[in-house]
$ cat final.cif   # mmCIF, C-alpha atoms
data_final
#
loop_
_atom_site.label_atom_id
_atom_site.label_comp_id
_atom_site.auth_asym_id
_atom_site.auth_seq_id
_atom_site.Cartn_x
_atom_site.Cartn_y
_atom_site.Cartn_z
CA MET A 1 83.78 170.14 75.07
CA THR A 2 85.27 166.78 75.99
CA VAL A 3 86.79 166.12 79.37
CA THR A 4 90.29 165.82 77.90
CA THR A 5 90.16 169.12 75.94
CA ASN A 6 88.78 170.87 79.00
CA LEU A 7 91.65 169.64 81.15
CA LEU A 8 94.24 170.59 78.51
CA LEU A 9 92.68 174.06 78.16
CA MET A 10 92.93 174.54 81.94
CA LEU A 11 96.58 173.43 81.84
CA ILE A 12 97.36 176.03 79.14
CA ILE A 13 95.54 178.82 81.01
CA GLY A 14 97.50 177.78 84.11
CA LEU A 15 100.84 177.95 82.26
CA PHE A 16 100.04 181.45 80.95
CA ALA A 17 98.81 182.77 84.29
CA GLY A 18 101.78 181.29 86.13
CA THR A 19 104.36 182.85 83.81
CA MET A 20 102.76 186.31 83.77
CA GLY A 21 101.97 186.22 87.47
CA ALA A 22 105.57 185.52 88.44
CA ILE A 23 106.95 188.23 86.14
CA LEU A 24 104.54 190.86 87.42
CA GLY A 25 104.41 189.84 91.05
CA ILE A 26 100.69 189.19 90.88
CA GLY A 27 99.07 185.96 91.98
CA GLY A 28 97.65 184.84 88.67
CA GLY A 29 94.23 184.75 90.32
CA MET A 30 93.63 188.21 88.88
CA LEU A 31 94.28 186.75 85.40
CA VAL A 32 92.52 183.40 85.86
CA THR A 33 89.22 184.69 87.30
CA PRO A 34 88.42 187.02 84.34
CA ILE A 35 89.39 184.29 81.83
CA LEU A 36 87.24 181.64 83.54
CA THR A 37 84.19 183.89 84.00
CA ILE A 38 84.28 186.02 80.86
CA ALA A 39 85.80 183.65 78.27
CA LEU A 40 84.49 180.34 79.61
CA GLY A 41 81.30 181.45 81.37
CA LEU A 42 82.08 179.76 84.67
CA ASP A 43 80.17 180.83 87.80
CA ILE A 44 82.24 183.54 89.56
CA LYS A 45 81.98 181.57 92.81
CA TYR A 46 83.94 178.66 91.34
CA ALA A 47 86.33 180.97 89.50
CA ILE A 48 87.21 182.57 92.84
CA GLY A 49 87.75 179.10 94.35
CA ALA A 50 90.10 178.15 91.50
CA GLY A 51 91.74 181.61 91.69
CA ILE A 52 92.82 181.19 95.30
CA ILE A 53 94.48 177.83 94.47
CA VAL A 54 96.24 179.41 91.49
CA VAL A 55 97.53 182.12 93.84
CA ILE A 56 99.13 179.51 96.14
CA ALA A 57 100.60 177.61 93.18
CA THR A 58 102.12 180.79 91.66
CA SER A 59 103.58 181.84 94.97
CA SER A 60 105.12 178.47 95.83
CA GLY A 61 106.48 177.90 92.32
CA ALA A 62 108.07 181.35 92.05
CA THR A 63 109.50 181.39 95.57
CA ILE A 64 111.71 178.39 94.82
CA ALA A 65 113.64 180.36 92.20
CA PHE A 66 113.75 183.58 94.22
CA LEU A 67 115.12 181.88 97.33
CA LYS A 68 118.10 180.66 95.38
CA ASP A 69 118.81 184.19 94.19
CA GLU A 70 118.26 185.84 97.55
CA MET A 71 115.96 188.49 96.20
CA LEU A 72 113.28 188.30 98.81
CA ASN A 73 113.25 189.88 102.25
CA LEU A 74 112.06 187.21 104.69
CA ARG A 75 111.64 189.55 107.67
CA VAL A 76 109.55 192.02 105.69
CA ALA A 77 107.43 189.09 104.47
CA MET A 78 106.91 187.63 107.96
CA PHE A 79 106.15 190.94 109.63
CA LEU A 80 103.67 192.05 106.97
CA GLU A 81 102.01 188.62 106.84
CA ILE A 82 100.45 189.43 110.23
CA ALA A 83 98.52 192.16 108.40
CA THR A 84 97.69 190.17 105.25
CA THR A 85 96.45 187.05 107.06
CA LEU A 86 94.31 189.14 109.45
CA GLY A 87 92.90 190.97 106.44
CA ALA A 88 92.28 187.68 104.60
CA VAL A 89 90.38 186.21 107.55
CA ALA A 90 88.31 189.40 107.87
CA GLY A 91 87.70 189.34 104.10
CA ALA A 92 86.52 185.72 104.17
CA ALA A 93 84.23 186.54 107.13
CA LEU A 94 82.85 189.64 105.41
CA ASN A 95 82.23 187.76 102.15
CA GLY A 96 78.53 187.97 101.38
CA VAL A 97 77.97 190.93 103.73
CA ILE A 98 79.50 193.75 101.71
CA PRO A 99 78.15 194.10 98.14
CA LYS A 100 80.96 193.11 95.79
CA SER A 101 80.06 195.89 93.35
CA ILE A 102 81.17 198.53 95.87
CA LEU A 103 84.44 196.72 96.48
CA TYR A 104 85.13 196.34 92.76
CA ILE A 105 84.73 200.09 92.31
CA LEU A 106 86.88 200.98 95.34
CA PHE A 107 89.66 198.64 94.33
CA SER A 108 89.55 199.69 90.68
CA LEU A 109 90.19 203.27 91.78
CA LEU A 110 93.18 202.12 93.85
CA VAL A 111 94.56 200.08 90.95
CA LEU A 112 94.11 202.95 88.48
CA ASN A 113 95.79 205.30 90.93
CA SER A 114 98.80 203.03 91.26
CA SER A 115 99.17 202.62 87.50
CA TRP A 116 99.21 206.42 87.26
CA LYS A 117 102.00 206.49 89.85
CA MET A 118 103.96 203.93 87.83
CA ILE A 119 103.52 205.95 84.63
CA LYS A 120 105.00 208.95 86.43
CA LYS A 121 107.95 206.82 87.55
CA LEU A 122 108.70 205.86 83.93
CA ARG A 123 109.79 209.39 83.04
CA PRO A 124 113.57 209.48 83.23
CA THR A 125 114.90 211.62 86.06
CA ALA A 126 118.50 212.49 86.91
CA GLY A 127 120.53 209.38 87.83
CA GLN A 128 117.94 206.93 86.61
CA GLN A 129 119.55 203.73 87.85
CA ALA A 130 120.47 205.18 91.25
CA LEU A 131 118.21 204.11 94.07
CA PRO A 132 116.42 206.90 95.91
CA ASP A 133 118.26 207.82 99.09
CA VAL A 134 115.77 206.31 101.52
CA GLN A 135 116.30 206.92 105.20
CA SER A 136 115.05 203.98 107.22
CA ASP A 137 112.66 204.94 110.01
CA TYR A 138 112.79 203.88 113.66
CA LEU A 139 110.45 200.90 113.21
CA ALA A 140 112.31 199.54 110.17
CA THR A 141 115.57 199.54 112.13
CA LYS A 142 113.93 198.09 115.24
CA LEU A 143 112.34 195.27 113.18
CA ARG A 144 115.54 194.85 111.11
CA LEU A 145 113.64 195.14 107.84
CA ASN A 146 116.43 196.73 105.79
CA GLY A 147 118.04 194.34 103.33
CA ASN A 148 120.16 193.77 100.25
CA TYR A 149 120.04 191.71 97.07
CA TYR A 150 122.17 190.90 94.03
CA ASP A 151 120.85 192.53 90.88
CA LYS A 152 121.60 190.33 87.85
CA ALA A 153 120.82 193.07 85.33
CA LEU A 154 123.12 195.60 87.04
CA HIS A 155 125.70 192.96 88.14
CA ARG A 156 126.09 194.24 91.68
CA ASP A 157 124.85 193.99 95.25
CA ILE A 158 122.24 196.56 96.17
CA SER A 159 121.51 197.53 99.77
CA TYR A 160 118.26 199.27 100.58
CA GLN A 161 116.48 200.91 103.47
CA VAL A 162 112.82 200.61 104.33
CA ARG A 163 110.58 203.41 105.59
CA ASN A 164 106.96 204.15 106.54
CA VAL A 165 106.36 200.73 108.11
CA PRO A 166 102.90 201.64 109.59
CA GLY A 167 101.71 202.83 106.16
CA GLY A 168 102.88 199.60 104.54
CA PHE A 169 101.24 197.55 107.30
CA LEU A 170 97.88 199.30 106.76
CA MET A 171 98.08 198.76 102.99
CA MET A 172 98.76 195.07 103.69
CA LEU A 173 95.53 194.84 105.72
CA VAL A 174 93.69 196.12 102.64
CA ALA A 175 95.61 193.65 100.45
CA GLY A 176 94.62 190.75 102.72
CA LEU A 177 91.02 191.89 102.78
CA ALA A 178 90.87 191.96 98.97
CA SER A 179 92.51 188.53 98.80
CA GLY A 180 90.10 186.85 101.21
CA LEU A 181 87.03 188.48 99.74
CA LEU A 182 87.69 188.10 96.00
CA GLY A 183 90.00 185.10 95.86
CA ILE A 184 92.90 187.03 94.40
CA GLY A 185 96.54 187.27 95.41
CA SER A 186 96.25 191.07 95.48
CA GLY A 187 99.93 191.15 94.63
CA ALA A 188 99.50 194.57 93.03
CA PHE A 189 98.49 195.94 96.43
CA LYS A 190 101.43 194.25 98.10
CA VAL A 191 103.85 195.73 95.57
CA ILE A 192 102.22 199.15 96.13
CA ALA A 193 102.74 198.76 99.88
CA MET A 194 106.41 197.82 99.56
CA ASP A 195 107.46 199.67 96.39
CA ASN A 196 105.41 202.89 96.70
CA ILE A 197 104.85 203.26 100.44
CA MET A 198 107.87 201.56 102.03
CA GLN A 199 110.23 202.53 99.16
CA MET A 200 111.67 199.04 98.68
CA PRO A 201 113.23 198.40 95.23
CA LEU A 202 110.84 196.71 92.75
CA LYS A 203 112.65 193.36 92.43
CA PRO A 204 112.84 192.40 96.12
CA SER A 205 109.33 193.75 96.68
CA SER A 206 107.99 191.59 93.81
CA ALA A 207 109.79 188.52 95.14
CA THR A 208 108.62 189.17 98.70
CA SER A 209 105.08 189.78 97.47
CA ASN A 210 105.10 186.38 95.69
CA LEU A 211 106.15 184.67 98.88
CA MET A 212 103.53 186.45 101.00
CA MET A 213 100.70 185.64 98.63
CA GLY A 214 100.87 181.91 99.37
CA VAL A 215 100.51 182.39 103.12
CA THR A 216 97.77 185.01 102.68
CA ALA A 217 95.84 182.78 100.28
CA ALA A 218 96.20 179.75 102.58
CA ALA A 219 94.33 181.73 105.27
CA SER A 220 91.20 181.94 103.12
CA ALA A 221 91.72 178.86 100.86
CA THR A 222 90.69 176.41 103.58
CA VAL A 223 87.30 178.14 103.86
CA TYR A 224 86.77 177.74 100.11
CA PHE A 225 88.14 174.18 100.24
CA PHE A 226 85.81 172.98 102.98
CA ASN A 227 82.65 174.67 101.67
CA GLY A 228 82.99 172.98 98.28
CA THR A 229 83.83 176.05 96.20
CA ILE A 230 87.04 174.52 94.81
CA LEU A 231 86.20 172.28 91.83
CA PRO A 232 88.94 169.65 91.38
CA GLN A 233 88.48 169.31 87.59
CA ILE A 234 89.22 173.03 87.19
CA ALA A 235 91.59 173.85 90.07
CA VAL A 236 93.91 170.83 89.60
CA PRO A 237 94.95 171.29 85.94
CA LEU A 238 95.19 175.06 86.52
CA ALA A 239 97.43 174.60 89.55
CA VAL A 240 99.71 172.13 87.76
CA GLY A 241 100.07 174.52 84.79
CA VAL A 242 100.73 177.45 87.12
CA VAL A 243 103.52 175.70 89.03
CA PHE A 244 105.47 175.14 85.80
CA GLY A 245 104.59 178.58 84.45
CA ALA A 246 105.68 180.31 87.65
CA THR A 247 109.08 178.62 87.61
CA LEU A 248 109.56 179.77 84.01
CA GLY A 249 108.33 183.31 84.72
CA SER A 250 110.56 183.88 87.72
CA ARG A 251 113.63 182.88 85.68
CA ILE A 252 112.75 185.36 82.91
CA MET A 253 112.03 188.12 85.42
CA GLN A 254 115.50 188.25 86.92
CA HIS A 255 117.06 189.20 83.62
CA LEU A 256 114.75 192.14 82.99
CA GLN A 257 115.40 195.78 83.93
CA PRO A 258 112.91 197.31 86.41
CA LYS A 259 111.75 199.65 83.64
CA VAL A 260 110.79 196.73 81.38
CA ILE A 261 108.85 195.15 84.24
CA ARG A 262 107.00 198.43 84.81
CA LEU A 263 106.26 198.75 81.08
CA ILE A 264 104.56 195.35 81.17
CA PHE A 265 102.94 196.15 84.50
CA ILE A 266 101.24 199.42 83.50
CA PRO A 267 98.88 198.23 80.73
CA ILE A 268 97.92 195.19 82.81
CA LEU A 269 97.18 197.35 85.84
CA LEU A 270 95.17 199.72 83.63
CA TYR A 271 93.27 196.84 82.05
CA LEU A 272 92.48 195.29 85.43
CA GLY A 273 91.45 198.66 86.82
CA VAL A 274 89.03 199.39 83.98
CA GLN A 275 87.69 195.85 84.08
CA MET A 276 87.11 195.96 87.83
CA PHE A 277 85.47 199.37 87.56
CA LEU A 278 83.06 198.18 84.85
CA LYS A 279 82.33 195.02 86.82
CA GLY A 280 81.26 197.23 89.72
CA PHE A 281 78.49 198.58 87.49
CA GLY A 282 77.59 195.11 86.23
CA VAL A 283 79.27 195.58 82.86
CA ASN A 284 81.31 192.64 81.59
CA ILE A 285 83.60 192.86 78.58
CA MET B 1 121.52 193.32 106.51
CA LYS B 2 121.41 189.73 105.37
CA SER B 3 123.63 187.48 107.50
CA LYS B 4 124.99 184.06 106.61
CA GLU B 5 122.48 182.51 109.02
CA MET B 6 119.65 184.29 107.27
CA LYS B 7 120.74 182.80 103.95
CA THR B 8 120.77 179.33 105.55
CA ILE B 9 117.21 179.89 106.82
CA GLU B 10 116.05 180.95 103.38
CA LEU B 11 117.66 177.92 101.74
CA VAL B 12 116.00 175.54 104.21
CA ILE B 13 112.62 177.20 103.63
CA GLY B 14 113.20 176.98 99.89
CA LYS B 15 113.82 173.24 100.16
CA ILE B 16 110.69 172.72 102.31
CA LEU B 17 108.62 174.64 99.77
CA ARG B 18 110.08 172.64 96.91
CA ILE B 19 109.31 169.33 98.63
CA GLY B 20 105.76 170.52 99.39
CA VAL B 21 105.18 171.66 95.81
CA VAL B 22 106.69 168.47 94.32
CA ILE B 23 104.53 166.23 96.53
CA SER B 24 101.29 168.15 95.93
CA VAL B 25 101.89 168.43 92.16
CA THR B 26 102.73 164.70 91.99
CA VAL B 27 99.48 163.83 93.80
CA MET B 28 97.52 166.20 91.53
CA LEU B 29 99.12 164.69 88.39
CA LEU B 30 98.26 161.22 89.68
CA GLY B 31 94.66 162.36 90.16
CA LEU B 32 94.61 163.82 86.61
CA ILE B 33 95.95 160.56 85.14
CA LEU B 34 93.35 158.55 87.08
CA PHE B 35 90.64 160.94 85.84
CA LEU B 36 91.74 160.65 82.20
CA TRP B 37 92.02 156.89 82.52
CA GLN B 38 88.57 156.41 84.07
CA GLN B 39 87.02 159.37 82.17
CA SER B 40 85.20 160.27 85.40
CA GLY B 41 85.83 161.68 88.85
CA GLY B 42 84.55 158.51 90.48
CA TYR B 43 81.46 160.12 92.01
CA PRO B 44 77.86 160.20 90.70
CA HIS B 45 76.52 163.50 89.20
CA ASN B 46 80.08 164.90 88.95
CA ARG B 47 80.14 165.50 92.72
CA PHE B 48 83.40 165.65 94.63
CA PRO B 49 84.45 165.16 98.28
CA SER B 50 85.41 168.22 100.35
CA SER B 51 85.49 166.99 103.96
CA PRO B 52 88.57 165.14 105.30
CA ALA B 53 86.46 162.03 106.05
CA ALA B 54 84.96 161.91 102.54
CA ILE B 55 88.37 162.47 100.90
CA TYR B 56 89.87 159.69 103.04
CA GLN B 57 87.05 157.31 102.06
CA GLY B 58 87.59 158.11 98.37
CA LEU B 59 91.35 157.63 98.63
CA LEU B 60 90.90 154.05 99.83
CA THR B 61 89.31 153.19 96.47
CA LEU B 62 91.58 155.59 94.49
CA LYS B 63 88.71 157.78 93.26
CA PRO B 64 90.20 160.45 90.94
CA TYR B 65 88.44 163.42 92.60
CA ALA B 66 89.54 162.27 96.07
CA VAL B 67 93.19 162.11 94.90
CA MET B 68 92.86 165.54 93.21
CA MET B 69 91.34 167.11 96.35
CA LEU B 70 94.16 165.64 98.46
CA GLY B 71 96.66 167.27 96.06
CA ILE B 72 94.93 170.64 96.45
CA PHE B 73 94.88 170.29 100.22
CA LEU B 74 98.61 169.50 100.28
CA LEU B 75 99.23 172.57 98.12
CA ILE B 76 97.29 174.73 100.63
CA LEU B 77 99.34 173.25 103.48
CA THR B 78 102.69 174.08 101.81
CA PRO B 79 102.75 177.79 102.80
CA VAL B 80 101.56 176.84 106.30
CA LEU B 81 104.46 174.41 106.58
CA ARG B 82 106.81 177.20 105.50
CA VAL B 83 105.62 179.33 108.41
CA VAL B 84 106.18 176.42 110.84
CA VAL B 85 109.73 175.85 109.56
CA SER B 86 110.44 179.60 109.73
CA ILE B 87 109.55 179.64 113.45
CA TYR B 88 112.06 176.84 114.07
CA ALA B 89 114.69 178.55 111.93
CA PHE B 90 114.33 181.92 113.69
CA TRP B 91 114.40 180.15 117.07
CA LYS B 92 117.66 178.46 116.10
CA GLU B 93 119.08 181.85 115.16
CA HIS B 94 118.07 183.21 118.61
CA ASP B 95 115.92 185.78 116.84
CA GLN B 96 113.26 186.03 119.57
CA LEU B 97 111.40 188.93 117.97
CA TYR B 98 110.85 187.01 114.74
CA VAL B 99 109.90 183.83 116.60
CA TYR B 100 107.02 185.84 118.10
CA ILE B 101 106.12 187.53 114.82
CA THR B 102 106.10 184.25 112.88
CA THR B 103 104.17 182.43 115.64
CA THR B 104 101.52 185.14 115.46
CA VAL B 105 101.15 184.44 111.73
CA LEU B 106 100.82 180.69 112.41
CA ILE B 107 98.14 181.26 115.08
CA ILE B 108 96.12 183.39 112.64
CA LEU B 109 96.44 180.63 109.99
CA VAL B 110 95.36 177.86 112.38
CA VAL B 111 92.38 179.90 113.62
CA ALA B 112 91.38 180.51 109.98
CA MET B 113 91.65 176.78 109.18
CA VAL B 114 89.64 175.65 112.19
CA GLY B 115 87.13 178.42 111.56
CA GLY B 116 86.84 177.43 107.88
CA TYR B 117 86.17 173.84 108.86
CA TRP B 118 83.51 174.76 111.42
CA ILE B 119 81.70 177.29 109.22
CA ARG B 120 80.75 174.39 106.97
CA HIS B 121 79.64 171.96 109.66
#
$ encode --input "final.cif" --output "structure tokens"
Amino acid sequence: MTVTTNLLLMLIIGLFAGTMGAILGIGGGMLVTPILTIALGLDIKYAIGAGIIVVIATSSGATIAFLKDEMLNLRVAMFLEIATTLGAVAGAALNGVIPKSILYILFSLLVLNSSWKMIKKLRPTAGQQALPDVQSDYLATKLRLNGNYYDKALHRDISYQVRNVPGGFLMMLVAGLASGLLGIGSGAFKVIAMDNIMQMPLKPSSATSNLMMGVTAAASATVYFFNGTILPQIAVPLAVGVVFGATLGSRIMQHLQPKVIRLIFIPILLYLGVQMFLKGFGVNI
Amino acid sequence: MKSKEMKTIELVIGKILRIGVVISVTVMLLGLILFLWQQSGGYPHNRFPSSPAAIYQGLLTLKPYAVMMLGIFLLILTPVLRVVVSIYAFWKEHDQLYVYITTTVLIILVVAMVGGYWIRH
């Protein structure tokens, strides 16, 4: 493969990962690392290094669009970033101590569990569009985490309450740990923490998750940067592709119904879950 | 509830992020163009610089890999810069609680950066 084709290929992979990552609220690292290792045969070490850069690029690119549309909850992001950055630092420190196979299996079970939860949510219940009547807990009020956003698909302002803050915080520690250890954005875990545990609506939780991923990834990216794990000829074209892809993806996302987003989300979560599970046993497909 | 001030904060942070992304992507594109032009990263055996001193040395002679690594480093710094600006913004809004919360995040990030640098050396 010539240098030029290689760079163009990385640009295209970056565009794809950026678009999908922004739509699904995942960092793109989860998409890039399997492509680089399985399709292109790159050493997983360097794929993880490129993955963490892709995560930052997706996050920064997507956040620009979300900020304009006021979808994200800045206080929720800031408060939970304490957990994700601590987890990321711990994950980077633990890297090489814990066998990755065990982690792959553990995380695959979590991912499969969350896709099952999303499948259950797809079944229409009474008053489908109505938000669940969530009572905010003491901590959410104290930390002023409750928010509102304008829903373009429904054409109205939606206010929401947040609950179970300690549960969400704990899940964010796990999300940070996964991010630092495996070089992923672990956006799926962040959406689980906010959407499933804290009962935030899917759109603001996706937007907030995108924003948080950049800061979380920055905590471990410097380690990878300084120890020479980030290859410029791979990470640079990927990152450039991702920035443009993420901007595109976040525009598309705002015009989709939550149900459509979930429909796209479920098979991807299932695929990632199965792939991670098999990887834990040393099977690569 | 989202106040007017909060919206101002978010817009300022959005602008900072955009500037950071534009600068880092521009530097990365420049590095890519240099690479395609020279058909090489500028280092023997396809090596690349990863310490600040080595990157600085490479930048003086416009080595493609040095420019590309600078672009990546600027991209990593963008979210850190966002946290710094958020502290200022919350402080301006007299939101003491979130000044403390955001400062805690910054301290964790700085410790991680310094730690990452020292692990290698």
$ interface_residues --input "final.cif" --of "chain A" --to "chain B" --cutoff "6 Å" --atoms "all atoms listed in the file" --output "PyMOL selection string"
chain A and resi 64+67+82+147+214-215+218-219+222-223+226-228+232
$ axis_aligned_box --input "final.cif" --around "stretch 170-187 of chain A" --padding-each-side "8 Å" --output "lines of an AutoDock Vina configuration file"
center_x = 93.5
center_y = 192.2
center_z = 100.6
size_x = 28.9
size_y = 30.2
size_z = 28.4
$ resolve_selection --input "final.cif" --expression "the PyMOL selection byres ((chain A and resi 51) around 7)" --output "tab-separated table (two decimals) with C-alpha atoms, in the frame of the given file"
chain	number	residue	atom	x	y	z
A	29	GLY	CA	94.23	184.75	90.32
A	32	VAL	CA	92.52	183.40	85.86
A	33	THR	CA	89.22	184.69	87.30
A	47	ALA	CA	86.33	180.97	89.50
A	48	ILE	CA	87.21	182.57	92.84
A	49	GLY	CA	87.75	179.10	94.35
A	50	ALA	CA	90.10	178.15	91.50
A	52	ILE	CA	92.82	181.19	95.30
A	53	ILE	CA	94.48	177.83	94.47
A	54	VAL	CA	96.24	179.41	91.49
A	55	VAL	CA	97.53	182.12	93.84
A	183	GLY	CA	90.00	185.10	95.86
A	184	ILE	CA	92.90	187.03	94.40
$ resolve_selection --input "final.cif" --expression "the PyMOL selection byres ((chain A and resi 8) around 12)" --output "list in words"
Met1, Thr2, Val3, Thr4, Thr5, Asn6, Leu7, Leu9, Met10, Leu11, Ile12, Ile13, Gly14, Leu15, Gln233, Ile234, Val236, Pro237, Leu238, Val240 and Gly241 of chain A; Leu32 and Leu36 of chain B
$ residues_around --input "final.cif" --residues "A:Val174" --least-positions-apart "3" --cutoff "8 Å" --atoms "only C-alpha atoms" --output "list of chain:residue names"
A:Thr84, A:Gly87, A:Leu170, A:Met171, A:Leu177, A:Ala178, A:Phe189
$ resolve_selection --input "final.cif" --expression "the PyMOL selection byres ((chain A and resi 154) around 10)" --output "PyMOL selection string"
chain A and resi 129+150-153+155-158+255-257
$ atom_distance --input "final.cif" --atom1 "atom CA of A:Gly185" --atom2 "atom CA of A:Met213"
5.5 Å
$ closest_residue --input "final.cif" --among "A:Ile119, A:Ile44, A:Val165, A:Leu109" --to "A:Leu263" --atoms "all atoms listed in the file"
A:Ile119
$ atom_distance --input "final.cif" --atom1 "atom CA of A:Gln254" --atom2 "atom CA of A:Lys120"
23.2 Å
$ closest_residue --input "final.cif" --among "A:Met198, A:Arg144, A:Ala93, A:Thr58" --to "A:Gly180" --atoms "all atoms listed in the file"
A:Ala93
$ atom_distance --input "final.cif" --atom1 "atom CA of A:Val97" --atom2 "atom CA of A:Gly176"
16.7 Å
$ closest_residue --input "final.cif" --among "A:Leu72, A:Leu182, A:Leu40, A:Val283" --to "A:Leu202" --atoms "all atoms listed in the file"
A:Leu72
$ closest_residue --input "final.cif" --among "A:Val242, A:Ala175, A:Lys259, A:Val89" --to "A:Arg123" --atoms "all atoms listed in the file"
A:Lys259
